[in-house]
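Engineer: Okay, so here is upload.cif, and as you'll see once you scroll down, it has mmCIF, C-alpha atoms.
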```
data_data
loop_
_atom_site.label_atom_id
_atom_site.label_comp_id
_atom_site.auth_asym_id
_atom_site.auth_seq_id
_atom_site.Cartn_x
_atom_site.Cartn_y
_atom_site.Cartn_z
CA MET A 1 -10.77 -25.13 20.91
CA ALA A 2 -13.46 -24.31 18.34
CA GLY A 3 -12.08 -23.15 14.99
CA LEU A 4 -8.56 -24.38 15.67
CA VAL A 5 -7.06 -26.82 13.17
CA VAL A 6 -3.66 -28.37 13.80
CA SER A 7 -1.84 -30.61 11.35
CA GLY A 8 1.73 -31.38 12.33
CA THR A 9 3.49 -28.01 12.53
CA GLN A 10 0.67 -26.22 10.68
CA VAL A 11 -1.81 -24.21 12.74
CA SER A 12 -4.97 -22.59 11.36
CA TYR A 13 -7.40 -20.30 13.15
CA ILE A 14 -9.49 -18.98 10.28
CA GLY A 15 -12.72 -16.97 10.21
CA GLN A 16 -13.20 -16.65 13.96
CA ASP A 17 -13.80 -12.89 13.97
CA CYS A 18 -11.05 -12.43 16.56
CA ARG A 19 -9.69 -8.91 17.01
CA GLU A 20 -6.45 -10.08 18.57
CA ILE A 21 -4.45 -13.29 18.68
CA PRO A 22 -5.91 -15.45 21.47
CA GLU A 23 -3.45 -15.89 24.32
CA HIS A 24 -4.12 -19.63 24.54
CA LEU A 25 -3.28 -20.02 20.84
CA GLY A 26 0.27 -18.94 21.48
CA ARG A 27 0.51 -20.86 24.71
CA ASP A 28 -0.68 -24.13 23.17
CA CYS A 29 0.81 -23.93 19.68
CA GLY A 30 3.51 -21.28 19.65
CA HIS A 31 6.37 -23.57 20.58
CA PHE A 32 5.94 -25.93 17.59
CA ALA A 33 4.07 -24.00 14.87
CA LYS A 34 5.99 -23.36 11.66
CA ARG A 35 2.98 -22.28 9.61
CA LEU A 36 0.24 -20.07 11.05
CA ASP A 37 -2.92 -19.07 9.18
CA LEU A 38 -5.01 -16.31 10.79
CA SER A 39 -6.87 -15.20 7.69
CA PHE A 40 -10.48 -13.97 7.60
CA ASN A 41 -10.48 -12.54 11.10
CA LEU A 42 -10.76 -8.96 12.40
CA LEU A 43 -7.17 -8.52 13.52
CA ARG A 44 -5.96 -4.95 14.04
CA SER A 45 -2.95 -5.96 16.13
CA LEU A 46 -0.44 -8.80 16.10
CA GLU A 47 0.26 -8.68 19.80
CA GLY A 48 0.88 -12.22 20.99
CA LEU A 49 2.67 -13.29 17.83
CA SER A 50 5.97 -13.29 19.70
CA ALA A 51 4.98 -16.68 21.13
CA PHE A 52 5.46 -18.13 17.62
CA GLY A 53 9.22 -17.69 17.39
CA SER A 54 9.81 -20.58 14.95
CA LEU A 55 7.37 -19.46 12.26
CA GLU A 56 8.37 -19.97 8.64
CA GLU A 57 5.02 -19.09 7.03
CA LEU A 58 2.47 -16.51 8.21
CA ILE A 59 -0.90 -15.98 6.50
CA LEU A 60 -2.77 -12.81 7.52
CA ASP A 61 -5.09 -12.26 4.55
CA ASN A 62 -8.47 -10.54 4.94
CA ASN A 63 -7.97 -8.80 8.27
CA LEU A 64 -7.99 -5.15 9.37
CA LEU A 65 -4.25 -4.64 9.77
CA GLY A 66 -3.09 -1.09 9.05
CA ASP A 67 0.01 1.07 9.06
CA ASP A 68 0.58 0.52 12.77
CA LEU A 69 1.30 -3.15 12.12
CA VAL A 70 4.16 -4.45 14.25
CA LEU A 71 5.68 -7.92 13.93
CA PRO A 72 8.09 -9.46 16.43
CA GLY A 73 11.45 -10.68 15.25
CA LEU A 74 10.83 -13.77 13.11
CA PRO A 75 14.27 -14.85 11.86
CA ARG A 76 13.01 -17.99 10.08
CA LEU A 77 9.99 -16.49 8.34
CA HIS A 78 10.25 -16.90 4.57
CA THR A 79 6.59 -16.46 3.55
CA LEU A 80 4.25 -13.62 4.53
CA THR A 81 0.89 -12.81 2.97
CA LEU A 82 -1.01 -9.68 3.96
CA ASN A 83 -3.55 -9.59 1.14
CA LYS A 84 -6.68 -7.48 1.59
CA ASN A 85 -5.81 -5.53 4.70
CA GLN A 86 -5.68 -1.76 5.24
CA ILE A 87 -2.01 -1.03 4.63
CA SER A 88 -1.18 2.20 2.80
CA ASP A 89 2.32 3.20 3.98
CA LEU A 90 4.48 0.95 1.85
CA GLU A 91 7.86 2.31 2.87
CA TYR A 92 7.21 1.93 6.59
CA LEU A 93 6.08 -1.66 6.11
CA LEU A 94 9.09 -2.61 3.99
CA ASP A 95 11.58 -1.03 6.39
CA HIS A 96 9.93 -2.91 9.25
CA LEU A 97 10.00 -6.22 7.39
CA ALA A 98 13.65 -5.74 6.47
CA GLU A 99 14.41 -5.43 10.17
CA VAL A 100 12.30 -8.25 11.65
CA THR A 101 12.07 -10.83 8.82
CA PRO A 102 15.59 -11.11 7.33
CA ALA A 103 14.86 -14.48 5.67
CA LEU A 104 11.73 -13.30 3.83
CA GLU A 105 11.49 -14.61 0.25
CA TYR A 106 7.76 -14.53 -0.50
CA LEU A 107 5.58 -11.47 0.14
CA SER A 108 2.06 -10.70 -1.04
CA LEU A 109 0.27 -7.38 -0.48
CA LEU A 110 -2.55 -7.59 -3.03
CA GLY A 111 -5.70 -5.73 -2.11
CA ASN A 112 -3.97 -3.06 -0.01
CA VAL A 113 -3.72 0.60 -0.96
CA ALA A 114 0.05 0.16 -0.70
CA CYS A 115 -0.12 -2.23 -3.67
CA PRO A 116 -1.31 -0.18 -6.68
CA ASN A 117 -3.33 -2.36 -9.01
CA GLU A 118 -6.87 -2.86 -10.23
CA LEU A 119 -7.84 -4.69 -7.03
CA VAL A 120 -7.48 -1.39 -5.19
CA SER A 121 -8.41 1.19 -7.82
CA LEU A 122 -9.38 1.19 -11.48
CA GLU A 123 -7.20 4.29 -11.87
CA LYS A 124 -4.08 2.18 -11.31
CA ASP A 125 -2.37 0.54 -14.27
CA GLU A 126 0.50 -1.79 -15.03
CA GLU A 127 3.06 1.04 -14.92
CA ASP A 128 2.03 1.88 -11.36
CA TYR A 129 2.42 -1.75 -10.42
CA LYS A 130 5.87 -2.00 -12.05
CA ARG A 131 7.06 1.01 -10.05
CA TYR A 132 5.73 -0.61 -6.90
CA ARG A 133 7.55 -3.87 -7.59
CA CYS A 134 10.77 -2.02 -8.31
CA PHE A 135 10.58 -0.15 -4.99
CA VAL A 136 9.71 -3.28 -3.00
CA LEU A 137 12.68 -5.15 -4.49
CA HIS A 138 14.93 -2.22 -3.70
CA LYS A 139 13.91 -2.49 -0.04
CA LEU A 140 13.75 -6.30 0.11
CA PRO A 141 16.34 -7.55 -2.41
CA ASN A 142 16.13 -11.18 -1.26
CA LEU A 143 12.51 -11.67 -2.36
CA LYS A 144 11.93 -14.45 -4.88
CA PHE A 145 8.18 -13.98 -5.25
CA LEU A 146 6.11 -10.81 -4.91
CA ASP A 147 2.30 -10.99 -5.06
CA ALA A 148 2.33 -14.52 -6.48
CA ARG A 149 4.58 -13.42 -9.35
CA LYS A 150 8.15 -14.65 -9.55
CA VAL A 151 10.81 -11.96 -9.37
CA THR A 152 12.74 -11.86 -12.63
CA LYS A 153 16.41 -11.18 -13.15
CA GLN A 154 15.51 -8.03 -15.08
CA GLU A 155 13.38 -6.73 -12.21
CA ARG A 156 16.17 -7.38 -9.75
CA GLU A 157 18.69 -5.52 -11.89
CA GLU A 158 16.32 -2.59 -12.39
CA ALA A 159 15.67 -2.39 -8.65
CA LEU A 160 19.40 -2.01 -8.04
CA VAL A 161 19.60 0.92 -10.45
CA ARG A 162 16.23 2.68 -10.12
CA GLY A 163 14.50 1.24 -7.08
CA ALA A 164 15.37 4.10 -4.73
CA PHE A 165 13.59 6.53 -7.06
CA MET A 166 10.36 4.54 -7.32
CA LYS A 167 8.99 5.52 -3.89
CA VAL A 168 6.23 7.69 -5.37
CA VAL A 169 4.17 6.33 -8.24
CA LYS A 170 3.24 8.70 -11.01
CA PRO A 171 0.70 11.24 -9.67
CA LYS A 172 -2.87 11.18 -10.83
CA VAL A 173 -4.97 14.32 -10.35
CA SER A 174 -8.75 14.21 -10.35
CA TRP A 175 -10.18 17.36 -11.90
CA GLY A 176 -13.34 16.65 -9.93
CA SER A 177 -11.47 17.73 -6.81
CA VAL A 178 -11.17 21.27 -8.16
CA ALA A 179 -14.54 21.46 -9.91
CA ILE A 180 -15.99 23.44 -7.00
CA PHE A 181 -13.79 26.33 -8.08
CA THR A 182 -15.31 26.54 -11.56
CA MET A 183 -18.91 25.32 -11.16
CA GLY A 184 -21.93 26.97 -9.68
CA LYS A 185 -21.04 30.49 -10.77
CA THR A 186 -24.11 32.56 -11.56
CA GLN A 187 -22.38 35.68 -12.82
CA ARG A 188 -20.18 36.09 -15.85
CA ALA A 189 -16.64 37.16 -15.17
CA THR A 190 -14.12 38.96 -17.28
CA GLY A 191 -11.08 37.39 -15.65
CA LEU A 192 -9.75 35.78 -12.53
CA SER A 193 -9.42 39.19 -10.93
CA VAL A 194 -13.19 39.48 -10.41
CA MET A 195 -13.35 36.36 -8.27
CA THR A 196 -13.86 36.89 -4.60
CA SER A 197 -10.67 36.85 -2.54
CA SER A 198 -11.54 33.51 -0.94
CA GLU A 199 -12.17 31.92 -4.36
CA SER A 200 -8.86 33.22 -5.66
CA ILE A 201 -7.01 31.87 -2.64
CA LYS A 202 -8.55 28.43 -3.15
CA VAL A 203 -7.60 28.41 -6.83
CA TRP A 204 -4.00 29.37 -6.26
CA GLU A 205 -3.65 27.02 -3.29
CA SER A 206 -4.79 24.22 -5.59
CA ILE A 207 -2.28 25.23 -8.25
CA SER A 208 0.51 25.55 -5.69
CA SER A 209 -0.15 22.10 -4.27
CA LEU A 210 0.04 20.62 -7.75
CA GLN A 211 3.31 22.42 -8.45
CA GLN A 212 4.89 20.78 -5.41
CA VAL A 213 4.83 17.53 -7.33
CA SER A 214 7.77 17.53 -9.71
CA SER A 215 5.84 16.06 -12.61
CA SER A 216 2.76 18.26 -12.16
CA HIS A 217 3.92 21.69 -13.36
CA GLN A 218 2.16 21.17 -16.64
CA MET A 219 -1.03 20.13 -14.85
CA ALA A 220 -0.98 23.40 -12.91
CA LYS A 221 -0.75 25.35 -16.15
CA VAL A 222 -3.66 23.43 -17.63
CA LEU A 223 -5.71 24.11 -14.51
CA GLU A 224 -4.94 27.83 -14.74
CA LEU A 225 -6.00 27.96 -18.38
CA GLN A 226 -9.20 26.04 -17.65
CA LEU A 227 -10.13 28.48 -14.92
CA GLN A 228 -9.49 31.47 -17.18
CA GLN A 229 -11.59 29.95 -19.97
CA GLN A 230 -14.40 29.23 -17.54
CA SER A 231 -14.43 32.84 -16.34
CA PHE A 232 -15.06 34.09 -19.87
CA GLN A 233 -18.03 31.79 -20.49
#
```
Can you dump the structure from the file as structure tokens?

Structural biologist:
Amino acid sequence: MAGLVVSGTQVSYIGQDCREIPEHLGRDCGHFAKRLDLSFNLLRSLEGLSAFGSLEELILDNNLLGDDLVLPGLPRLHTLTLNKNQISDLEYLLDHLAEVTPALEYLSLLGNVACPNELVSLEKDEEDYKRYRCFVLHKLPNLKFLDARKVTKQEREEALVRGAFMKVVKPKVSWGSVAIFTMGKTQRATGLSVMTSSESIKVWESISSLQQVSSSHQMAKVLELQLQQQSFQ
């Protein structure tokens, strides 16, 4: 079969633009494969992976896998890489992996929204990434490597104490998202009270949504002051 490379118990089917796992791949190789590489395809589903019940390593980098990703039970799988996919719901993924891959020791999620670092957004920093690692280790305490970085004893201890509280990384608010409330005004105002009712509703809805985030009360106050200052200009 074109594109298929088999070496002992290692099976590779790379860069074939397949949207699903070919049925014949599981039929021909599933019973002996211990390492399966399906990177650089167009996979949105892992249906058919159940034929590979003895897998120990699974490489799924550079595909289109999202938050509806479902793996079959893979009791021997110790290595899983999902780099550069479309995964954003970290908690769902980790809960699923804890259930279906109990022997997992190596996990890599670089290049997904769920993994907050510079590969995803320049707004993310090392503190965001540390929170992410702490939460992952809380959910998957048996991991030895995460994103090609060895798990340290200190990280493991911190995950035991703080991991459950690291679900949400520190919020970042873009003031550009509320600029429409303060720009484009052609008349001078004497206070927020002269805004139209719809403008006022939008402003206070924005402030309210910020206040729902525990660490954003101060941001809401700053926003309110900025809007008042703008109205006097």

Engineer: On this structure, which residues satisfy the PyMOL selection byres ((chain A and resi 107) around 12), written as a count of residues only?

Structural biologist: 40

Engineer: As an exercise, work out the distance from CA of Tyr129 (chain A) to CA of Asp89 (chain A) in Å and give it to one decimal place.

Structural biologist: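 According to the coordinates, CA of Tyr129 (chain A) and CA of Asp89 (chain A) are separated by 15.2 Å.
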
Engineer: Can you measure CA of Leu65 (chain A) to CA of Leu160 (chain A) for me? One decimal in Å is fine.

Structural biologist: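 A separation of 29.7 Å between them.
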
Engineer: Once the PyMOL selection byres ((chain A and resi 3) around 9) is applied to the coordinates I shared, what remains selected? I want it as a tab-separated table (two decimals) with C-alpha atoms, keeping the file's coordinate frame.

Structural biologist:
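The new file expr02.tsv reads:
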```tsv
chain	number	residue	atom	x	y	z
A	1	MET	CA	-10.77	-25.13	20.91
A	2	ALA	CA	-13.46	-24.31	18.34
A	4	LEU	CA	-8.56	-24.38	15.67
A	5	VAL	CA	-7.06	-26.82	13.17
A	12	SER	CA	-4.97	-22.59	11.36
A	13	TYR	CA	-7.40	-20.30	13.15
A	14	ILE	CA	-9.49	-18.98	10.28
A	15	GLY	CA	-12.72	-16.97	10.21
A	16	GLN	CA	-13.20	-16.65	13.96
```

Engineer: If we count only C-alpha atoms, what is near Arg35 (chain A) at a cut-off of 8 Å, once residues fewer than 3 positions away on the same chain are taken out, given as a CSV table (one decimal) with C-alpha atoms, keeping the file's coordinate frame?

Structural biologist:
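Final output, out.csv:
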```csv
chain,number,residue,atom,x,y,z
A,9,THR,CA,3.5,-28.0,12.5
A,10,GLN,CA,0.7,-26.2,10.7
A,11,VAL,CA,-1.8,-24.2,12.7
A,55,LEU,CA,7.4,-19.5,12.3
A,56,GLU,CA,8.4,-20.0,8.6
A,57,GLU,CA,5.0,-19.1,7.0
A,58,LEU,CA,2.5,-16.5,8.2
```

Engineer: So that I can see what lies close to Leu49 (chain A), please list as a list in words the residues with an atom at most 12 Å from it, counting only C-alpha atoms and leaving out residues fewer than 5 positions away in the same chain.

Structural biologist: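 Selected residues are Glu20, Ile21, Pro22, Glu23, His24, Leu25, Gly26, Arg27, Cys29, Gly30, His31, Ala33, Leu36, Asp37, Leu38, Leu43, Ser54, Leu55, Leu58, Leu60, Leu69, Val70, Leu71, Pro72, Gly73 and Leu74 of chain A.
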
Engineer: Could you check how far CA of Arg44 (chain A) sits from CA of Arg76 (chain A), in Å to one decimal?

Structural biologist: 23.4 Å

Engineer: Restricting the calculation to all atoms listed in the file: of A:Gly48, A:Glu155, A:Phe32, A:Ser88, which residue gets closest to Asn112 (chain A)?

Structural biologist: A:Ser88

Engineer: Quick one: axis-aligned box around all listed atoms of region 151-162 of chain A, 8 Å on every side, centre and edge lengths in Å to one decimal, written as AutoDock Vina command-line options.

Structural biologist:
```
--center_x 15.2 --center_y -4.6 --center_z -11.6 --size_x 24.8 --size_y 30.6 --size_z 23.0
```

Engineer: Closest to Ser39 (chain A) among A:Arg19, A:His138, A:Lys167, A:Lys130, using all atoms listed in the file?

Structural biologist: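 Nearest to Ser39 (chain A): A:Arg19.
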
Engineer: Would you pull region 45-56 of chain A out of the block just shown and save all heavy atoms as a PDB file, in the first residue's frame?

Structural biologist:
```pdb
ATOM      1  N   SER A  45     -11.000  12.295  13.052  1.00  0.00           N
ATOM      2  CA  SER A  45     -11.564  11.215  13.857  1.00  0.00           C
ATOM      3  C   SER A  45     -10.539  10.092  13.983  1.00  0.00           C
ATOM      4  O   SER A  45      -9.699   9.909  13.105  1.00  0.00           O
ATOM      5  CB  SER A  45     -12.841  10.681  13.199  1.00  0.00           C
ATOM      6  OG  SER A  45     -13.246   9.454  13.785  1.00  0.00           O
ATOM      7  N   LEU A  46     -10.621   9.363  15.081  1.00  0.00           N
ATOM      8  CA  LEU A  46      -9.736   8.219  15.301  1.00  0.00           C
ATOM      9  C   LEU A  46     -10.516   6.905  15.240  1.00  0.00           C
ATOM     10  O   LEU A  46     -10.081   5.890  15.776  1.00  0.00           O
ATOM     11  CB  LEU A  46      -9.020   8.356  16.646  1.00  0.00           C
ATOM     12  CG  LEU A  46      -8.059   9.546  16.751  1.00  0.00           C
ATOM     13  CD1 LEU A  46      -7.448   9.614  18.133  1.00  0.00           C
ATOM     14  CD2 LEU A  46      -6.976   9.469  15.682  1.00  0.00           C
ATOM     15  N   GLU A  47     -11.633   6.942  14.568  1.00  0.00           N
ATOM     16  CA  GLU A  47     -12.404   5.723  14.382  1.00  0.00           C
ATOM     17  C   GLU A  47     -11.546   4.706  13.622  1.00  0.00           C
ATOM     18  O   GLU A  47     -10.917   5.032  12.624  1.00  0.00           O
ATOM     19  CB  GLU A  47     -13.677   6.028  13.601  1.00  0.00           C
ATOM     20  CG  GLU A  47     -14.611   4.838  13.454  1.00  0.00           C
ATOM     21  CD  GLU A  47     -15.905   5.192  12.757  1.00  0.00           C
ATOM     22  OE1 GLU A  47     -16.115   6.393  12.484  1.00  0.00           O
ATOM     23  OE2 GLU A  47     -16.692   4.276  12.485  1.00  0.00           O
ATOM     24  N   GLY A  48     -11.534   3.500  14.085  1.00  0.00           N
ATOM     25  CA  GLY A  48     -10.697   2.467  13.487  1.00  0.00           C
ATOM     26  C   GLY A  48      -9.453   2.175  14.296  1.00  0.00           C
ATOM     27  O   GLY A  48      -8.765   1.172  14.067  1.00  0.00           O
ATOM     28  N   LEU A  49      -9.164   3.036  15.269  1.00  0.00           N
ATOM     29  CA  LEU A  49      -7.966   2.832  16.089  1.00  0.00           C
ATOM     30  C   LEU A  49      -8.122   1.644  17.028  1.00  0.00           C
ATOM     31  O   LEU A  49      -7.130   1.098  17.521  1.00  0.00           O
ATOM     32  CB  LEU A  49      -7.665   4.101  16.885  1.00  0.00           C
ATOM     33  CG  LEU A  49      -6.285   4.196  17.549  1.00  0.00           C
ATOM     34  CD1 LEU A  49      -5.169   4.142  16.512  1.00  0.00           C
ATOM     35  CD2 LEU A  49      -6.178   5.478  18.376  1.00  0.00           C
ATOM     36  N   SER A  50      -9.347   1.229  17.258  1.00  0.00           N
ATOM     37  CA  SER A  50      -9.586   0.102  18.166  1.00  0.00           C
ATOM     38  C   SER A  50      -8.961  -1.192  17.659  1.00  0.00           C
ATOM     39  O   SER A  50      -8.762  -2.142  18.432  1.00  0.00           O
ATOM     40  CB  SER A  50     -11.090  -0.101  18.370  1.00  0.00           C
ATOM     41  OG  SER A  50     -11.743  -0.302  17.133  1.00  0.00           O
ATOM     42  N   ALA A  51      -8.622  -1.239  16.365  1.00  0.00           N
ATOM     43  CA  ALA A  51      -7.973  -2.428  15.803  1.00  0.00           C
ATOM     44  C   ALA A  51      -6.536  -2.564  16.303  1.00  0.00           C
ATOM     45  O   ALA A  51      -5.932  -3.633  16.192  1.00  0.00           O
ATOM     46  CB  ALA A  51      -7.992  -2.372  14.279  1.00  0.00           C
ATOM     47  N   PHE A  52      -5.986  -1.469  16.859  1.00  0.00           N
ATOM     48  CA  PHE A  52      -4.593  -1.456  17.319  1.00  0.00           C
ATOM     49  C   PHE A  52      -4.551  -1.597  18.849  1.00  0.00           C
ATOM     50  O   PHE A  52      -4.079  -0.708  19.559  1.00  0.00           O
ATOM     51  CB  PHE A  52      -3.913  -0.162  16.879  1.00  0.00           C
ATOM     52  CG  PHE A  52      -3.771  -0.011  15.398  1.00  0.00           C
ATOM     53  CD1 PHE A  52      -4.828   0.488  14.636  1.00  0.00           C
ATOM     54  CD2 PHE A  52      -2.595  -0.363  14.746  1.00  0.00           C
ATOM     55  CE1 PHE A  52      -4.707   0.639  13.255  1.00  0.00           C
ATOM     56  CE2 PHE A  52      -2.460  -0.213  13.369  1.00  0.00           C
ATOM     57  CZ  PHE A  52      -3.524   0.275  12.623  1.00  0.00           C
ATOM     58  N   GLY A  53      -5.012  -2.696  19.358  1.00  0.00           N
ATOM     59  CA  GLY A  53      -5.154  -2.863  20.797  1.00  0.00           C
ATOM     60  C   GLY A  53      -3.863  -3.004  21.568  1.00  0.00           C
ATOM     61  O   GLY A  53      -3.858  -2.865  22.795  1.00  0.00           O
ATOM     62  N   SER A  54      -2.740  -3.281  20.878  1.00  0.00           N
ATOM     63  CA  SER A  54      -1.464  -3.493  21.574  1.00  0.00           C
ATOM     64  C   SER A  54      -0.530  -2.293  21.488  1.00  0.00           C
ATOM     65  O   SER A  54       0.655  -2.402  21.821  1.00  0.00           O
ATOM     66  CB  SER A  54      -0.753  -4.725  20.989  1.00  0.00           C
ATOM     67  OG  SER A  54      -1.532  -5.887  21.160  1.00  0.00           O
ATOM     68  N   LEU A  55      -1.051  -1.147  21.059  1.00  0.00           N
ATOM     69  CA  LEU A  55      -0.197   0.024  20.876  1.00  0.00           C
ATOM     70  C   LEU A  55       0.473   0.464  22.172  1.00  0.00           C
ATOM     71  O   LEU A  55      -0.141   0.486  23.235  1.00  0.00           O
ATOM     72  CB  LEU A  55      -1.013   1.200  20.336  1.00  0.00           C
ATOM     73  CG  LEU A  55      -1.302   1.233  18.838  1.00  0.00           C
ATOM     74  CD1 LEU A  55      -2.054   2.515  18.478  1.00  0.00           C
ATOM     75  CD2 LEU A  55      -0.030   1.118  18.015  1.00  0.00           C
ATOM     76  N   GLU A  56       1.756   0.824  22.031  1.00  0.00           N
ATOM     77  CA  GLU A  56       2.513   1.402  23.127  1.00  0.00           C
ATOM     78  C   GLU A  56       2.882   2.849  22.837  1.00  0.00           C
ATOM     79  O   GLU A  56       3.073   3.642  23.760  1.00  0.00           O
ATOM     80  CB  GLU A  56       3.781   0.571  23.376  1.00  0.00           C
ATOM     81  CG  GLU A  56       3.482  -0.869  23.807  1.00  0.00           C
ATOM     82  CD  GLU A  56       4.745  -1.694  23.986  1.00  0.00           C
ATOM     83  OE1 GLU A  56       5.859  -1.141  23.801  1.00  0.00           O
ATOM     84  OE2 GLU A  56       4.638  -2.893  24.315  1.00  0.00           O
TER      85      GLU A  56
END
```
